[in-house]
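Novice: This is the structure, below, for whatever I ask next.
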Amino acid sequence: MTFVINFFQVNFIPFGILTVAGTICFFSGKFKHEKWYWPLLFIFAILMLVSLWRIPVALTKRHALPTLMPGTVISVFMIMLLPKILSFFHVKYAKAIIRAALAVLLLICAVKTLRKQESKPYLQELPEVIKADMVNNNAGKSVLLVFGDPGGHINVDKSIQLIDIENKYINDKFTNAEYQIPKLIKNLSLDVLNVQYPHIYLLCIENELSVFASAWASKYRNKPDLIYEYARNKNKVNYRLYRVASNCLTAWLPDLEFNKFMRQKNILPNGDFSDKIKLSPDALEMQILSKRGISLFADGDLYIPAGWHINPNSGWSGKSAPAGIKLNKRAGCGNQLAMYSATNISLWNSHKIPADEKYVLGVNVDPSANSVLHVYVCYYNKAGKALRYEDIIAIRPSSKEILPLTTFSLEKFDGYA
Amino acid sequence: MRERAPRDEKIYIQAVEKINSSDNSWRLEYNFGPLMPQIAAIFSGATFRAETVLRTLNMLYSMAWLILMFFLCRDVFSSNNAGLLGMAIAAFNPYSARLSSEILRDPLYMLIFTLALWCAVKIIISNNQNMWLPVMLGLLTFLGFLSRYEGLEIAFFMPLAVAVLCLQYKCSRLKRHLGSLAAYGLTLGILICLLIYSGNDYALNTKNKICSYYHFLADGKVK
């Protein structure tokens, strides 16, 4: 359905209708003898091609743009066919009528293109309102969730993280709005946002009757405060900005103290790799690697983080470049773990945590080109037998960054992960 | 005119400025086709601002696209009137008019797409007489791919054109059609190999881009 709407928006509705009508007429089978039949058949095939692969994907209007070119050719075909159709119905002055209609259509297109757009002052006012609110409440950073399409870019500075939620308007026509909101933010974790940000700002586009705030409050037990409202005459919609305050102490900590707090409460032993142990060439992992013809001792003594183990059964092969593992001193605290290989390699921590719980995971990365980071959890039963692996993070980081905190829920069963 | 899309425009302007200052970090930072900013970088620099060059080039691409629409419609229907009609519809389309005034990759992609469409139509009309058309189509497929990931769809033009020719002429001159397919494939293959050999990771990122559209194709759901 998204694609159909985009198709008509890109081609402009009257020409979109002409394209559809042209498709129906073409495949009626009456034009096979015409010289233009085969090139036009090719154009139809291209239109089908560019349309079919876009249908299952929820994309914006711009992505339906390639339908414009074949669509225009098919519209020309239909316009050329109209005199014959009108003659069939014995309409007088068919050509003159078509020319007049076309002129009016092109005039409508010109007016639509050149009309003055209604101003949207809320696009400039919203960042200022958020910034002023943050200053009043001594909040160093915040996140803005945008529900729906505000009709332009909201230019926020680096202290405000902007997250676009799916293009859905929450209004009174929505039944069970309190169930719609979690569906829309299903890929976000409000727990993680509450832990990090003192305020979550919610921008929603509603009609005059406000539904969003009560729907949010009934779902999350935290009533949003309305701090800004702009009523737009066109379409009778209201742009409302709400604020939800976090009840987590950590949200109010500056970044350095936040990281220190997370490190103190870290349930993963030696997660910052500060403790290291020397790996002996006689260690079991090294023996397995030796049997595979791989040695990681090219640079002398080998140190790995304490409590972490190399997986020697896959990867680590040299190919065009040697594989290796290094611990480098890091500014601040802890060590930086560098792993390099032409193939997939892994390190695993032997600490076990209870399943049937929700956890927050933070990772700092400094990737080389085309490197991929996976973080897995392995499930064990109480007897210590490994049951299965679950992929928590699978990401291709483009630059040195602190990855956004990830929450993961471990499946409920009588064991550990 | 409609409000501009400042976020996208800023990204392209920054990409051109980074190319001019030999800063390659824009390729990791901005995951889009490199063709448009690279062309703009050739013309901008000390003399012309990046924004001016990008807007001028976009306008030129749009004007060239209109002319191409004339030739495309004229050649499909063998009628100058059809060509003028097609050009008029394209010129008055509100969406394409808006795009020509903004700094986006779309006008360049529309130009390449239409040129590829025209080449394919010429192949059908001429019954594959001219061997340079498949080579040109191979080059346009490559350029389309460089302008947007979706440009890969242009790769289907040549096979579809040959399929239409086979339907039209009941597989006569099959050897010629296979030869033109080979010429097309060779041109495209050489260009893609040159791209990969140059160390550009754009081609390698294509798989991830496709997987981001179709999650069920994702292997390990890499984002």
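If you're wondering about the labels, chains in the structure tokens are A, B, ... by order shown, residues count from 1 in each chain, ligands from 1 in order shown.
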Only residues of chain A matter here; which ones have an atom within 7 Å of chain B, counting only C-alpha atoms? Give them as an mmCIF file with C-alpha atoms, in the first residue's frame.
Specialist:
data_model
loop_
_atom_site.group_PDB
_atom_site.id
_atom_site.type_symbol
_atom_site.label_atom_id
_atom_site.label_comp_id
_atom_site.auth_asym_id
_atom_site.auth_seq_id
_atom_site.Cartn_x
_atom_site.Cartn_y
_atom_site.Cartn_z
ATOM 1 C CA VAL A 10 5.636 10.641 -7.657
ATOM 2 C CA PHE A 12 1.031 12.865 -9.813
ATOM 3 C CA TRP A 36 5.640 0.691 -31.129
ATOM 4 C CA TRP A 38 7.626 -4.106 -28.701
ATOM 5 C CA PRO A 39 9.445 -1.040 -27.325
ATOM 6 C CA LEU A 40 6.374 -0.280 -25.242
ATOM 7 C CA PHE A 42 9.829 -3.387 -22.851
ATOM 8 C CA VAL A 57 9.906 -2.789 1.212
ATOM 9 C CA PRO A 66 12.181 5.278 -11.150
ATOM 10 C CA MET A 69 10.138 7.460 -16.450
ATOM 11 C CA THR A 72 5.447 8.976 -18.322
ATOM 12 C CA VAL A 73 5.890 6.934 -21.521
ATOM 13 C CA VAL A 76 1.841 9.377 -23.421
ATOM 14 C CA LEU A 106 -0.452 20.856 -16.932
ATOM 15 C CA CYS A 109 0.772 20.736 -12.147
ATOM 16 C CA ALA A 110 2.397 24.164 -12.558
ATOM 17 C CA LYS A 112 1.031 22.757 -7.492
ATOM 18 C CA THR A 113 4.740 23.162 -8.154
ATOM 19 C CA LEU A 114 4.837 26.910 -7.679
ATOM 20 C CA ARG A 115 2.392 27.339 -4.824
ATOM 21 C CA LYS A 116 3.731 28.899 -1.670
ATOM 22 C CA GLN A 117 4.151 26.346 1.058
ATOM 23 C CA GLY A 152 10.708 18.827 7.500
ATOM 24 C CA HIS A 153 13.975 18.454 9.272
ATOM 25 C CA ALA A 394 25.458 -8.045 14.876
ATOM 26 C CA ILE A 395 26.782 -4.771 13.615
ATOM 27 C CA ARG A 396 29.257 -3.294 11.147
ATOM 28 C CA SER A 398 31.817 2.444 10.636
#
Novice: For Cys25 of chain A, work out the shell of residues within 10 Å, counting only C-alpha atoms and skipping chain neighbours fewer than 5 positions away, then give it as a PyMOL selection string.
Specialist: chain A and resi 19-20+30-31+77-78+81
Novice: Only N, CA and C atoms, please: the residues just picked out, written as an mmCIF file, in the first residue's frame.
Specialist:
data_model
loop_
_atom_site.group_PDB
_atom_site.id
_atom_site.type_symbol
_atom_site.label_atom_id
_atom_site.label_comp_id
_atom_site.auth_asym_id
_atom_site.auth_seq_id
_atom_site.Cartn_x
_atom_site.Cartn_y
_atom_site.Cartn_z
ATOM 1 N N THR A 19 -1.426 6.066 -16.334
ATOM 2 C CA THR A 19 -0.488 4.944 -16.436
ATOM 3 C C THR A 19 -1.216 3.624 -16.209
ATOM 4 N N VAL A 20 -2.047 3.612 -15.169
ATOM 5 C CA VAL A 20 -2.790 2.375 -14.866
ATOM 6 C C VAL A 20 -3.746 2.040 -16.013
ATOM 7 N N LYS A 30 -4.870 -5.549 -28.370
ATOM 8 C CA LYS A 30 -5.322 -5.046 -29.675
ATOM 9 C C LYS A 30 -4.224 -4.308 -30.447
ATOM 10 N N PHE A 31 -2.992 -4.296 -29.876
ATOM 11 C CA PHE A 31 -1.994 -3.424 -30.489
ATOM 12 C C PHE A 31 -0.757 -4.170 -30.980
ATOM 13 N N PHE A 77 1.287 7.123 -24.112
ATOM 14 C CA PHE A 77 0.556 6.114 -24.887
ATOM 15 C C PHE A 77 -0.942 6.263 -24.678
ATOM 16 N N MET A 78 -1.341 6.417 -23.419
ATOM 17 C CA MET A 78 -2.769 6.512 -23.093
ATOM 18 C C MET A 78 -3.378 7.782 -23.678
ATOM 19 N N LEU A 81 -4.007 7.406 -27.177
ATOM 20 C CA LEU A 81 -5.099 6.460 -27.422
ATOM 21 C C LEU A 81 -6.467 7.090 -27.176
#
Novice: Using Å and a single decimal, report how far atom CA of Arg388 of chain A sits from atom CA of Gln336 of chain A.
Specialist: 28.8 Å
Novice: Quick one: residues within 12 Å of Lys175 of chain B, only C-alpha atoms counted, chain neighbours fewer than 4 positions away excluded, as a VMD selection string?
Specialist: chain B and resid 128 162 166 171 179 to 182
Novice: Would you mind telling me which residue in A:Tyr340, A:Glu357, A:Leu86, A:His199 lies nearest to Leu373 of chain A when using only C-alpha atoms?
Specialist: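 Result for the nearest residue to Leu373 of chain A: A:Tyr340.
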Novice: Determine which residues of chain B DSSP labels as alpha helix (DSSP H) from the backbone of this structure, then write them out as a compact mmCIF listing (two decimals) with C-alpha atoms, in the first residue's frame.
Specialist:
# COMPACT_ATOMS: atom_id res chain seq x y z
CA PRO B 6 18.36 20.73 4.69
CA ARG B 7 19.60 17.53 6.28
CA ASP B 8 20.31 15.70 3.01
CA GLU B 9 21.68 18.80 1.34
CA LYS B 10 24.11 19.43 4.19
CA ILE B 11 25.39 15.88 3.95
CA TYR B 12 26.17 16.19 0.23
CA ILE B 13 27.78 19.59 0.63
CA GLN B 14 29.95 18.24 3.44
CA ALA B 15 30.89 15.20 1.35
CA VAL B 16 32.05 17.43 -1.54
CA GLU B 17 34.03 19.66 0.81
CA LYS B 18 35.70 16.61 2.35
CA ILE B 19 36.61 15.24 -1.08
CA ASN B 20 38.15 18.58 -2.00
CA SER B 25 36.26 9.76 6.01
CA TRP B 26 33.09 10.82 4.18
CA ARG B 27 32.88 7.35 2.59
CA LEU B 28 32.59 5.65 5.96
CA GLU B 29 30.45 8.36 7.44
CA LEU B 35 29.16 9.46 -8.13
CA MET B 36 27.32 12.71 -7.44
CA PRO B 37 29.72 14.16 -4.89
CA GLN B 38 32.74 13.03 -6.93
CA ILE B 39 31.49 14.82 -10.07
CA ALA B 40 30.69 17.93 -8.05
CA ALA B 41 34.12 17.84 -6.45
CA ILE B 42 35.72 18.06 -9.90
CA PHE B 43 34.04 21.42 -10.54
CA ALA B 50 30.30 23.18 -3.21
CA GLU B 51 26.65 24.22 -2.76
CA THR B 52 26.65 26.33 -5.93
CA VAL B 53 28.20 23.55 -7.99
CA LEU B 54 25.78 20.94 -6.63
CA ARG B 55 22.71 23.06 -7.33
CA THR B 56 23.93 23.99 -10.81
CA LEU B 57 24.76 20.40 -11.69
CA ASN B 58 21.39 19.16 -10.41
CA MET B 59 19.63 21.73 -12.56
CA LEU B 60 21.69 20.66 -15.59
CA TYR B 61 20.97 16.99 -14.93
CA SER B 62 17.24 17.77 -14.77
CA MET B 63 17.33 19.75 -18.01
CA ALA B 64 19.25 16.98 -19.75
CA TRP B 65 16.71 14.51 -18.40
CA LEU B 66 13.86 16.47 -20.00
CA ILE B 67 15.60 16.39 -23.37
CA LEU B 68 16.16 12.66 -22.98
CA MET B 69 12.48 12.13 -22.21
CA PHE B 70 11.71 13.77 -25.54
CA PHE B 71 14.03 11.39 -27.40
CA LEU B 72 12.75 8.38 -25.47
CA CYS B 73 9.07 9.05 -26.20
CA ARG B 74 9.86 10.06 -29.79
CA ASP B 75 11.76 6.82 -30.47
CA VAL B 76 9.20 4.57 -28.75
CA PHE B 77 6.26 6.00 -30.71
CA ASN B 80 7.84 14.04 -32.59
CA ASN B 81 4.46 14.91 -31.06
CA ALA B 82 4.77 11.99 -28.67
CA GLY B 83 8.24 13.22 -27.76
CA LEU B 84 6.98 16.71 -27.03
CA LEU B 85 4.10 15.32 -24.99
CA GLY B 86 6.43 13.16 -22.91
CA MET B 87 8.76 16.07 -22.34
CA ALA B 88 5.86 18.30 -21.28
CA ILE B 89 4.55 15.74 -18.80
CA ALA B 90 8.05 15.29 -17.37
CA ALA B 91 8.66 19.05 -17.18
CA PHE B 92 5.40 19.82 -15.40
CA PRO B 94 5.57 18.63 -9.56
CA TYR B 95 7.82 16.07 -7.94
CA SER B 96 10.56 16.19 -10.56
CA ALA B 97 10.41 19.98 -10.56
CA ARG B 98 10.95 19.99 -6.81
CA LEU B 99 13.86 17.55 -7.06
CA SER B 100 15.65 19.71 -9.61
CA ASP B 106 17.88 11.70 -7.72
CA PRO B 107 18.26 14.00 -10.78
CA LEU B 108 21.54 12.30 -11.69
CA TYR B 109 20.00 8.87 -11.23
CA MET B 110 16.95 9.85 -13.30
CA LEU B 111 19.28 11.00 -16.08
CA ILE B 112 21.28 7.77 -16.07
CA PHE B 113 18.14 5.62 -15.79
CA THR B 114 16.47 7.38 -18.70
CA LEU B 115 19.62 7.19 -20.82
CA ALA B 116 19.81 3.46 -20.12
CA LEU B 117 16.14 3.09 -20.99
CA TRP B 118 16.71 4.96 -24.24
CA CYS B 119 19.71 2.79 -25.14
CA ALA B 120 17.68 -0.35 -24.51
CA VAL B 121 14.79 0.96 -26.62
CA LYS B 122 17.27 1.78 -29.43
CA ILE B 123 18.58 -1.80 -29.23
CA ILE B 124 15.02 -3.11 -29.68
CA ILE B 125 14.12 -0.69 -32.47
CA TRP B 132 28.14 0.04 -29.16
CA LEU B 133 24.73 0.25 -27.53
CA PRO B 134 25.26 -2.80 -25.26
CA VAL B 135 28.67 -1.42 -24.27
CA MET B 136 27.07 1.95 -23.52
CA LEU B 137 24.38 0.19 -21.49
CA GLY B 138 27.06 -1.61 -19.50
CA LEU B 139 28.72 1.70 -18.70
CA LEU B 140 25.38 3.25 -17.73
CA THR B 141 24.58 0.30 -15.45
CA PHE B 142 27.88 0.89 -13.70
CA LEU B 143 27.27 4.62 -13.39
CA GLY B 144 23.73 4.01 -12.15
CA PHE B 145 25.09 1.67 -9.50
CA LEU B 146 27.64 4.28 -8.47
CA SER B 147 24.96 6.94 -8.10
CA PHE B 157 17.66 -3.72 -18.93
CA MET B 158 19.91 -5.58 -21.35
CA PRO B 159 18.56 -9.07 -20.59
CA LEU B 160 14.99 -7.77 -20.82
CA ALA B 161 15.72 -6.03 -24.13
CA VAL B 162 17.16 -9.26 -25.55
CA ALA B 163 14.13 -11.17 -24.23
CA VAL B 164 11.79 -8.74 -26.01
CA LEU B 165 13.83 -9.10 -29.23
CA CYS B 166 13.64 -12.88 -28.99
CA LEU B 167 9.86 -12.65 -28.51
CA GLN B 168 9.56 -10.25 -31.42
CA TYR B 169 11.71 -12.14 -33.91
CA LEU B 174 20.24 -15.45 -31.46
CA LYS B 175 24.02 -15.43 -31.88
CA ARG B 176 24.03 -11.66 -32.31
CA HIS B 177 21.88 -11.22 -29.21
CA LEU B 178 24.15 -13.49 -27.18
CA GLY B 179 27.14 -11.56 -28.49
CA SER B 180 25.64 -8.26 -27.37
CA LEU B 181 24.81 -9.77 -23.96
CA ALA B 182 28.43 -10.86 -23.72
CA ALA B 183 29.64 -7.38 -24.68
CA TYR B 184 27.36 -5.86 -22.07
CA GLY B 185 28.44 -8.35 -19.39
CA LEU B 186 32.10 -7.87 -20.20
CA THR B 187 31.88 -4.08 -19.99
CA LEU B 188 30.04 -4.20 -16.68
CA GLY B 189 32.29 -6.92 -15.29
CA ILE B 190 35.48 -5.02 -16.13
CA LEU B 191 34.18 -1.82 -14.57
CA ILE B 192 33.07 -3.56 -11.38
CA CYS B 193 36.39 -5.38 -11.11
CA LEU B 194 38.20 -2.05 -11.49
CA LEU B 195 36.02 -0.62 -8.72
CA ILE B 196 36.77 -3.49 -6.35
CA TYR B 197 40.46 -3.51 -7.29
CA THR B 206 25.98 -3.48 -1.52
CA LYS B 207 25.17 -6.78 0.14
CA ASN B 208 24.55 -5.02 3.45
CA LYS B 209 22.36 -2.43 1.76
CA ILE B 210 20.24 -5.13 0.11
CA CYS B 211 19.99 -6.96 3.45
CA SER B 212 18.88 -3.78 5.16
CA TYR B 213 15.94 -3.65 2.73
Novice: Could you list, as a list in words, every residue within 9 Å of Pro198 of chain A, counting only C-alpha atoms and ignoring same-chain residues fewer than 4 positions away?
Specialist: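 The residues satisfying every condition are Ala139, Gly140, Lys141, Ser142, Val143, Leu193, Asn194, Val244, Ala245, Ser246, Asn247, Cys248, Leu249, Thr250, Ala251, Trp252 and Leu253 of chain A.
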Novice: Just the number, please: distance in Å from atom CA of Thr2 of chain A to atom CA of Pro121 of chain A, one decimal.
Specialist: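 Computing the Euclidean distance for atom CA of Thr2 of chain A and atom CA of Pro121 of chain A yields 28.3 Å.
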Novice: At what distance in Å, to one decimal, does atom CA of Phe3 of chain A lie from atom CA of Met80 of chain A?
Specialist: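 Interatomic distance, atom CA of Met80 of chain A to atom CA of Phe3 of chain A: 27.0 Å.
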Novice: Using only C-alpha atoms, can you tell me which of A:Ile97, A:Leu144, A:Leu256, A:Val192 comes closest to Cys204 of chain A?
Specialist: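 Comparing A:Ile97, A:Leu144, A:Leu256, A:Val192 against Cys204 of chain A, the winner is A:Leu144.
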